[in-house]
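Source file: input05.txt (compact mmCIF, C-alpha atoms)
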# COMPACT_ATOMS: atom_id res chain seq x y z
CA MET A 1 70.62 96.14 59.30
CA GLU A 2 73.75 96.85 57.26
CA VAL A 3 75.84 96.26 60.40
CA VAL A 4 74.21 92.85 60.87
CA LYS A 5 75.01 91.81 57.30
CA GLU A 6 78.55 93.17 57.44
CA TYR A 7 79.46 91.41 60.67
CA GLY A 8 77.70 88.22 59.63
CA GLY A 9 79.79 88.09 56.48
CA LYS A 10 82.99 89.01 58.28
CA TYR A 11 82.74 86.90 61.43
CA GLY A 12 79.95 84.39 60.77
CA VAL A 13 76.51 84.28 62.35
CA GLY A 14 77.36 82.19 65.41
CA ASP A 15 75.27 79.55 67.11
CA GLY A 16 71.50 79.77 67.39
CA GLU A 17 69.56 79.49 70.65
CA TRP A 18 69.13 75.72 70.42
CA GLU A 19 72.81 75.13 69.64
CA VAL A 20 73.90 77.41 72.48
CA GLY A 21 71.74 75.47 74.93
CA ILE A 22 73.13 72.11 73.81
CA LYS A 23 76.76 73.21 73.86
CA VAL A 24 76.49 74.95 77.23
CA ARG A 25 75.05 71.78 78.77
CA GLU A 26 77.95 69.79 77.31
CA ILE A 27 80.48 72.21 78.81
CA LEU A 28 78.75 72.20 82.20
CA GLY A 29 78.84 68.42 82.18
CA SER A 30 82.60 68.39 81.63
CA VAL A 31 83.67 70.54 84.59
CA SER A 32 86.54 68.81 86.37
CA GLU A 33 86.67 68.22 90.12
CA GLU A 34 90.30 69.32 89.84
CA TYR A 35 89.14 72.94 89.63
CA SER A 36 88.22 72.81 93.32
CA LEU A 37 91.90 72.47 94.25
CA PRO A 38 93.54 75.54 95.88
CA GLU A 39 95.83 76.20 92.90
CA HIS A 40 92.84 76.77 90.63
CA LEU A 41 90.80 78.67 93.23
CA LYS A 42 93.74 81.02 93.80
CA LYS A 43 93.92 81.64 90.07
CA ILE A 44 90.20 82.41 89.98
CA PHE A 45 90.72 84.82 92.89
CA SER A 46 93.33 86.69 90.82
CA PHE A 47 90.66 87.36 88.17
CA LEU A 48 88.32 89.19 90.54
CA ASP A 49 87.22 92.78 90.12
CA LEU A 50 86.02 93.85 93.57
CA THR A 51 83.41 96.60 93.53
CA THR A 52 81.77 99.05 95.86
CA LEU A 53 78.95 100.62 93.88
CA ASN A 54 76.46 101.58 96.55
CA THR A 55 74.34 104.72 96.79
CA GLU A 56 75.77 105.42 100.24
CA ASP A 57 79.44 105.18 99.18
CA ASN A 58 81.54 108.11 100.33
CA ARG A 59 85.09 109.18 101.15
CA LEU A 60 85.19 107.05 104.29
CA THR A 61 83.98 103.90 102.54
CA ALA A 62 86.58 104.50 99.83
CA ILE A 63 89.36 104.75 102.43
CA ARG A 64 88.18 101.58 104.16
CA PHE A 65 87.99 99.70 100.84
CA SER A 66 91.50 100.83 99.92
CA SER A 67 92.90 99.84 103.32
CA LEU A 68 91.52 96.31 102.97
CA ILE A 69 93.25 95.94 99.60
CA ASN A 70 96.49 97.41 100.98
CA ALA A 71 96.51 95.03 103.96
CA PHE A 72 95.51 91.92 102.03
CA PRO A 73 99.02 90.54 101.23
CA GLU A 74 99.98 90.55 104.91
CA ALA A 75 96.62 89.13 106.01
CA PHE A 76 96.74 86.32 103.43
CA PRO A 77 100.34 85.49 102.56
CA GLY A 78 100.65 83.24 99.55
CA MET A 79 97.43 84.52 98.00
CA PRO A 80 97.47 86.51 94.76
CA SER A 81 95.91 89.95 94.74
CA VAL A 82 92.62 90.66 93.02
CA ALA A 83 92.85 92.08 89.52
CA ALA A 84 91.12 95.40 90.22
CA ILE A 85 88.83 97.36 92.47
CA CYS A 86 85.97 99.37 90.98
CA VAL A 87 84.30 102.49 92.38
CA TYR A 88 82.01 105.34 91.37
CA PRO A 89 83.63 108.35 89.63
CA PRO A 90 83.77 110.79 92.59
CA LEU A 91 85.83 108.32 94.63
CA VAL A 92 88.57 107.61 92.08
CA GLU A 93 90.86 110.38 93.27
CA GLU A 94 90.54 109.34 96.93
CA VAL A 95 91.20 105.68 96.17
CA ARG A 96 94.17 106.54 93.95
CA LYS A 97 95.65 108.55 96.83
CA GLU A 98 95.05 105.82 99.43
CA MET A 99 95.80 102.60 97.55
CA THR A 100 99.36 101.27 97.80
CA ALA A 101 98.76 97.63 96.82
CA GLN A 102 101.00 96.48 93.99
CA GLY A 103 99.44 95.10 90.81
CA VAL A 104 95.83 96.02 91.61
CA LYS A 105 94.18 98.16 88.96
CA LEU A 106 91.85 101.03 89.81
CA ALA A 107 88.66 100.82 87.79
CA ALA A 108 85.67 103.14 87.71
CA VAL A 109 82.24 103.02 86.15
CA GLY A 110 81.42 105.84 83.78
CA ALA A 111 79.46 107.16 80.83
CA GLY A 112 76.12 107.27 82.62
CA PHE A 113 76.46 103.96 84.48
CA PRO A 114 74.34 101.88 85.03
CA SER A 115 71.72 102.83 82.41
CA SER A 116 73.78 104.82 79.89
CA GLN A 117 70.82 107.19 79.74
CA THR A 118 72.48 110.57 79.48
CA PHE A 119 73.86 112.90 76.81
CA LEU A 120 76.85 111.74 74.80
CA ALA A 121 78.67 114.95 75.73
CA VAL A 122 78.22 114.06 79.40
CA LYS A 123 79.51 110.52 78.81
CA LEU A 124 82.61 111.81 77.06
CA ALA A 125 83.25 114.45 79.72
CA GLU A 126 82.88 111.92 82.53
CA CYS A 127 85.25 109.46 80.86
CA GLY A 128 87.79 112.23 80.26
CA LEU A 129 87.65 113.23 83.92
CA LEU A 130 88.13 109.62 85.03
CA VAL A 131 91.30 109.39 82.98
CA LYS A 132 92.59 112.65 84.50
CA LYS A 133 91.73 111.51 88.05
CA GLY A 134 93.83 108.38 87.65
CA ALA A 135 91.56 105.48 86.66
CA ASP A 136 93.40 102.58 85.05
CA GLU A 137 90.21 101.05 83.67
CA ILE A 138 86.73 102.35 82.86
CA ASP A 139 83.59 100.20 82.74
CA ILE A 140 80.80 101.63 80.61
CA VAL A 141 77.41 100.35 79.42
CA ILE A 142 76.23 100.26 75.83
CA SER A 143 73.13 102.26 75.00
CA ALA A 144 70.89 99.22 75.34
CA GLY A 145 67.77 101.21 74.48
CA ARG A 146 69.23 102.32 71.16
CA PHE A 147 70.46 98.80 70.47
CA LEU A 148 67.03 97.27 71.07
CA GLU A 149 65.53 99.93 68.81
CA GLY A 150 67.84 98.68 66.06
CA ASP A 151 70.11 101.72 65.95
CA TYR A 152 73.25 99.59 65.77
CA LEU A 153 75.29 102.19 63.88
CA GLY A 154 74.41 104.79 66.52
CA VAL A 155 75.61 102.46 69.28
CA LEU A 156 78.83 101.76 67.37
CA ASN A 157 79.59 105.42 66.70
CA GLU A 158 79.00 106.36 70.34
CA LEU A 159 81.37 103.64 71.52
CA ILE A 160 84.02 104.77 69.04
CA LEU A 161 83.90 108.29 70.49
CA ILE A 162 84.11 106.95 74.05
CA ARG A 163 87.06 104.77 73.02
CA GLU A 164 88.82 107.86 71.68
CA ALA A 165 88.25 109.66 74.99
CA THR A 166 89.67 106.71 76.94
CA SER A 167 92.50 105.69 74.63
CA SER A 168 95.11 105.71 77.40
CA VAL A 169 93.25 103.29 79.71
CA LYS A 170 91.56 99.92 79.50
CA LEU A 171 87.93 100.13 78.35
CA LYS A 172 85.43 97.47 79.46
CA VAL A 173 82.08 97.60 77.65
CA ILE A 174 79.07 96.17 79.49
CA LEU A 175 76.48 94.63 77.17
CA GLU A 176 73.75 94.14 79.80
CA THR A 177 73.04 90.72 78.34
CA GLY A 178 69.97 90.21 80.53
CA LEU A 179 68.24 92.91 78.49
CA LEU A 180 69.52 91.74 75.11
CA LYS A 181 68.17 88.23 75.84
CA THR A 182 68.84 86.43 72.54
CA ALA A 183 72.06 84.83 71.34
CA SER A 184 71.97 86.86 68.13
CA ASN A 185 71.60 90.14 70.03
CA ILE A 186 74.41 89.27 72.46
CA ARG A 187 76.74 88.27 69.62
CA LEU A 188 75.98 91.43 67.63
CA ALA A 189 76.51 93.67 70.68
CA SER A 190 79.79 91.86 71.38
CA LEU A 191 81.03 92.46 67.85
CA ILE A 192 79.93 96.12 67.88
CA ALA A 193 81.84 96.71 71.13
CA MET A 194 84.96 94.99 69.80
CA GLU A 195 84.81 96.82 66.47
CA ALA A 196 84.64 100.08 68.46
CA GLY A 197 87.87 99.15 70.25
CA ALA A 198 86.75 97.63 73.58
CA ASP A 199 89.54 95.95 75.53
CA PHE A 200 86.98 93.80 77.38
CA ILE A 201 83.37 92.91 76.85
CA LYS A 202 81.38 92.36 80.04
CA THR A 203 78.03 90.71 80.72
CA SER A 204 76.22 92.92 83.18
CA THR A 205 76.03 95.82 85.60
CA GLY A 206 74.49 93.65 88.29
CA LYS A 207 71.73 96.24 88.55
CA ILE A 208 68.98 94.32 86.71
CA PRO A 209 67.32 90.99 87.60
CA VAL A 210 69.15 88.86 85.00
CA SER A 211 72.93 89.20 85.10
CA ALA A 212 75.68 86.78 84.01
CA THR A 213 74.56 83.41 82.62
CA PRO A 214 76.61 80.57 81.13
CA GLU A 215 74.67 81.01 77.88
CA ALA A 216 75.56 84.69 77.59
CA VAL A 217 79.23 84.06 78.37
CA TYR A 218 79.29 81.22 75.83
CA VAL A 219 78.01 83.54 73.09
CA MET A 220 80.39 86.35 74.06
CA ALA A 221 83.38 84.00 74.13
CA GLY A 222 82.41 82.66 70.71
CA ALA A 223 82.28 86.20 69.34
CA ILE A 224 85.72 86.94 70.85
CA ARG A 225 87.12 83.76 69.28
CA ASP A 226 85.74 84.61 65.84
CA TYR A 227 86.84 88.26 66.08
CA TYR A 228 90.36 87.17 67.08
CA ALA A 229 90.54 84.70 64.19
CA VAL A 230 89.82 87.49 61.70
CA THR A 231 91.62 90.48 63.25
CA GLY A 232 94.34 88.98 65.44
CA ARG A 233 93.30 91.30 68.30
CA ALA A 234 92.65 89.53 71.61
CA VAL A 235 89.73 91.00 73.57
CA GLY A 236 89.09 90.15 77.20
CA ILE A 237 85.86 88.90 78.72
CA LYS A 238 84.32 89.72 82.09
CA ALA A 239 81.49 87.75 83.69
CA ALA A 240 79.74 89.94 86.24
CA GLY A 241 76.52 90.05 88.19
CA GLY A 242 75.12 87.43 90.54
CA ILE A 243 78.28 85.28 90.72
CA VAL A 244 78.46 84.46 94.41
CA GLU A 245 79.17 80.74 94.84
CA VAL A 246 82.55 79.14 94.15
CA LYS A 247 80.93 76.48 91.95
CA ASP A 248 79.58 79.22 89.66
CA ALA A 249 83.00 80.84 89.32
CA ILE A 250 84.47 77.45 88.44
CA ILE A 251 81.90 77.07 85.65
CA TYR A 252 82.99 80.33 84.01
CA TYR A 253 86.68 79.49 84.52
CA HIS A 254 86.15 76.14 82.79
CA MET A 255 84.06 77.68 80.02
CA ILE A 256 86.69 80.26 79.11
CA PHE A 257 89.36 77.54 79.05
CA LYS A 258 87.23 75.36 76.76
CA LEU A 259 86.24 78.13 74.37
CA LEU A 260 89.26 80.45 74.32
CA GLY A 261 92.10 78.39 75.72
CA ILE A 262 94.74 78.85 78.36
CA ASP A 263 95.92 82.15 76.83
CA TRP A 264 92.75 83.75 78.21
CA LEU A 265 93.21 82.45 81.75
CA ASN A 266 94.97 85.54 83.08
CA PRO A 267 93.73 88.90 84.46
CA GLU A 268 94.62 90.69 81.23
CA ARG A 269 91.96 88.70 79.35
CA PHE A 270 89.53 87.29 81.92
CA ARG A 271 87.79 88.92 84.86
CA ILE A 272 84.98 88.01 87.22
CA GLY A 273 83.04 90.86 88.76
CA ALA A 274 81.90 89.49 92.09
CA SER A 275 82.59 91.02 95.49
CA ARG A 276 80.70 88.48 97.61
CA LEU A 277 82.53 85.67 95.81
CA ALA A 278 85.86 86.86 97.25
CA ASN A 279 85.02 85.81 100.80
CA ASN A 280 83.61 82.49 99.61
CA LEU A 281 86.80 81.74 97.70
CA LEU A 282 88.93 82.65 100.71
CA THR A 283 86.79 80.40 102.91
CA LYS A 284 87.21 77.50 100.49
CA ILE A 285 90.96 78.01 100.09
CA THR A 286 91.78 78.48 103.79
CA GLY A 287 89.23 76.01 105.15
CA THR A 288 88.06 78.65 107.64
CA GLU A 289 85.00 80.88 107.32
CA THR A 290 86.33 84.21 106.12
CA LYS A 291 84.62 87.59 105.95
CA TYR A 292 87.53 89.85 105.09
CA PHE A 293 85.88 92.01 102.45
Target format structure tokens, applied to this file:
Amino acid sequence: MEVVKEYGGKYGVGDGEWEVGIKVREILGSVSEEYSLPEHLKKIFSFLDLTTLNTEDNRLTAIRFSSLINAFPEAFPGMPSVAAICVYPPLVEEVRKEMTAQGVKLAAVGAGFPSSQTFLAVKLAECGLLVKKGADEIDIVISAGRFLEGDYLGVLNELILIREATSSVKLKVILETGLLKTASNIRLASLIAMEAGADFIKTSTGKIPVSATPEAVYVMAGAIRDYYAVTGRAVGIKAAGGIVEVKDAIIYYHMIFKLLGIDWLNPERFRIGASRLANNLLTKITGTETKYF
């Protein structure tokens, strides 16, 4: 509980459940129709992390995925590229070899994704291999079981070691907010991840029933704001899991603008993890049903 007291004193305690609910409803009620215009939808598209994280993924699926990204600028002139594509560890080397698209980062999941239920030595070794194989970004999951047990210092120390092993790349720490459930838990996990050196904090793996929610993103953004006010270090935020419809993406776009400001509305500080959303955005922008990805 020392971590709870320390962070509460340093960054404040944040909003309670009732306050979060009220403020999220206020933000949802203020979403502008302007965000449905192509200029905003294209910007949202540029925040996407496209993923292929299927059990049946293999070398051939990696090549196909890479070829779609490579051919995208010619297929959709005037559209920005996505921010990143994300794959399982064994496919990083193949994708790095195949991908020629400019400005698209290569991300990989690691450290025992999606459950984080493996030995710390294995997590560190996997992250080290991902760096060597050419990953630009690594998405890992906090040890949610240890967190829910109250071993906050253990979670922090593990993340610090993983950060050291990935110091040359961008580290995105998944909180699995659907398991943490409460605003206080989500805020504490956010602060632990940022204190450990995370470049991004991320809602979910998309592998459990409850993924990204406006309430979770609100709490995470508030923690980022308070951390930035104290430390001056800007941490990114990624909403991921279950974001399929354009209207949902617009909600998160608006929420980040309201809570963190325009400085966060770029791929270096805001991402949306949603592969199915990409086709829906393209359909909305072009006015023609699109199933490119």
Mind dumping a table of every stretch 11-33 of chain A residue within 10 Å of stretch 232-250 of chain A, with the nearest atom pair and its distance in Å to one decimal, using all atoms listed in the file, sorted by chain and rising number, as a tab-separated table?
residue	atom	partner	partner_atom	distance
A:Leu28	CA	A:Ile250	CA	10.0
A:Val31	CA	A:Ile250	CA	8.0
A:Ser32	CA	A:Ile250	CA	9.1
A:Glu33	CA	A:Ile250	CA	9.6
Leaving out A:Ala108 and any residue of its chain fewer than 4 positions from it, which residues lie within 8 Å of it when counting all atoms listed in the file, given as a compact mmCIF listing (two decimals) with C-alpha atoms, in the frame of the given file?
# COMPACT_ATOMS: atom_id res chain seq x y z
CA CYS A 86 85.97 99.37 90.98
CA VAL A 87 84.30 102.49 92.38
CA TYR A 88 82.01 105.34 91.37
CA PRO A 89 83.63 108.35 89.63
CA VAL A 92 88.57 107.61 92.08
CA LEU A 130 88.13 109.62 85.03
CA ALA A 135 91.56 105.48 86.66
CA GLU A 137 90.21 101.05 83.67
CA ILE A 138 86.73 102.35 82.86
CA ASP A 139 83.59 100.20 82.74
Quiz item: Between A:Tyr218, A:Tyr11, A:Phe270, A:Phe147, which has the minimum distance to A:Lys258 (counting only C-alpha atoms)?
Solution: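 Among the listed residues, the smallest separation from A:Lys258 belongs to A:Tyr218.
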Quiz item: Between A:Lys181, A:Gly150, A:Ile140, A:Asn54, which has the minimum distance to A:Ile201 (counting all atoms listed in the file)?
Solution: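 The closest residue to A:Ile201 is A:Ile140.
Of the residues under consideration (A:Leu171, A:Ile162, A:Ile142, A:Ala223), A:Ile162 shows the shortest atom-to-atom contact distance to A:Val122 when counting all atoms listed in the file.
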Quiz prompt | Atomic distance atom CA of A:Arg25 - atom CA of A:Gly8, expressed in Å with one decimal | solution =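 Separation between atom CA of A:Arg25 and atom CA of A:Gly8: 25.4 Å.
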Taking all atoms of stretch 103-120 of chain A that appear in the file, build a box with edges along x, y and z, extend it by 8 Å on every side, and state its centre and edge lengths in Å to one decimal, as lines of an AutoDock Vina configuration file.
center_x = 85.1
center_y = 104.0
center_z = 83.2
size_x = 44.6
size_y = 33.8
size_z = 32.8
Quiz item: Quick one, how far is atom CA of A:Tyr152 from atom CA of A:Glu17?
Solution: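 Straight-line distance from atom CA of A:Tyr152 to atom CA of A:Glu17 works out to 21.0 Å.
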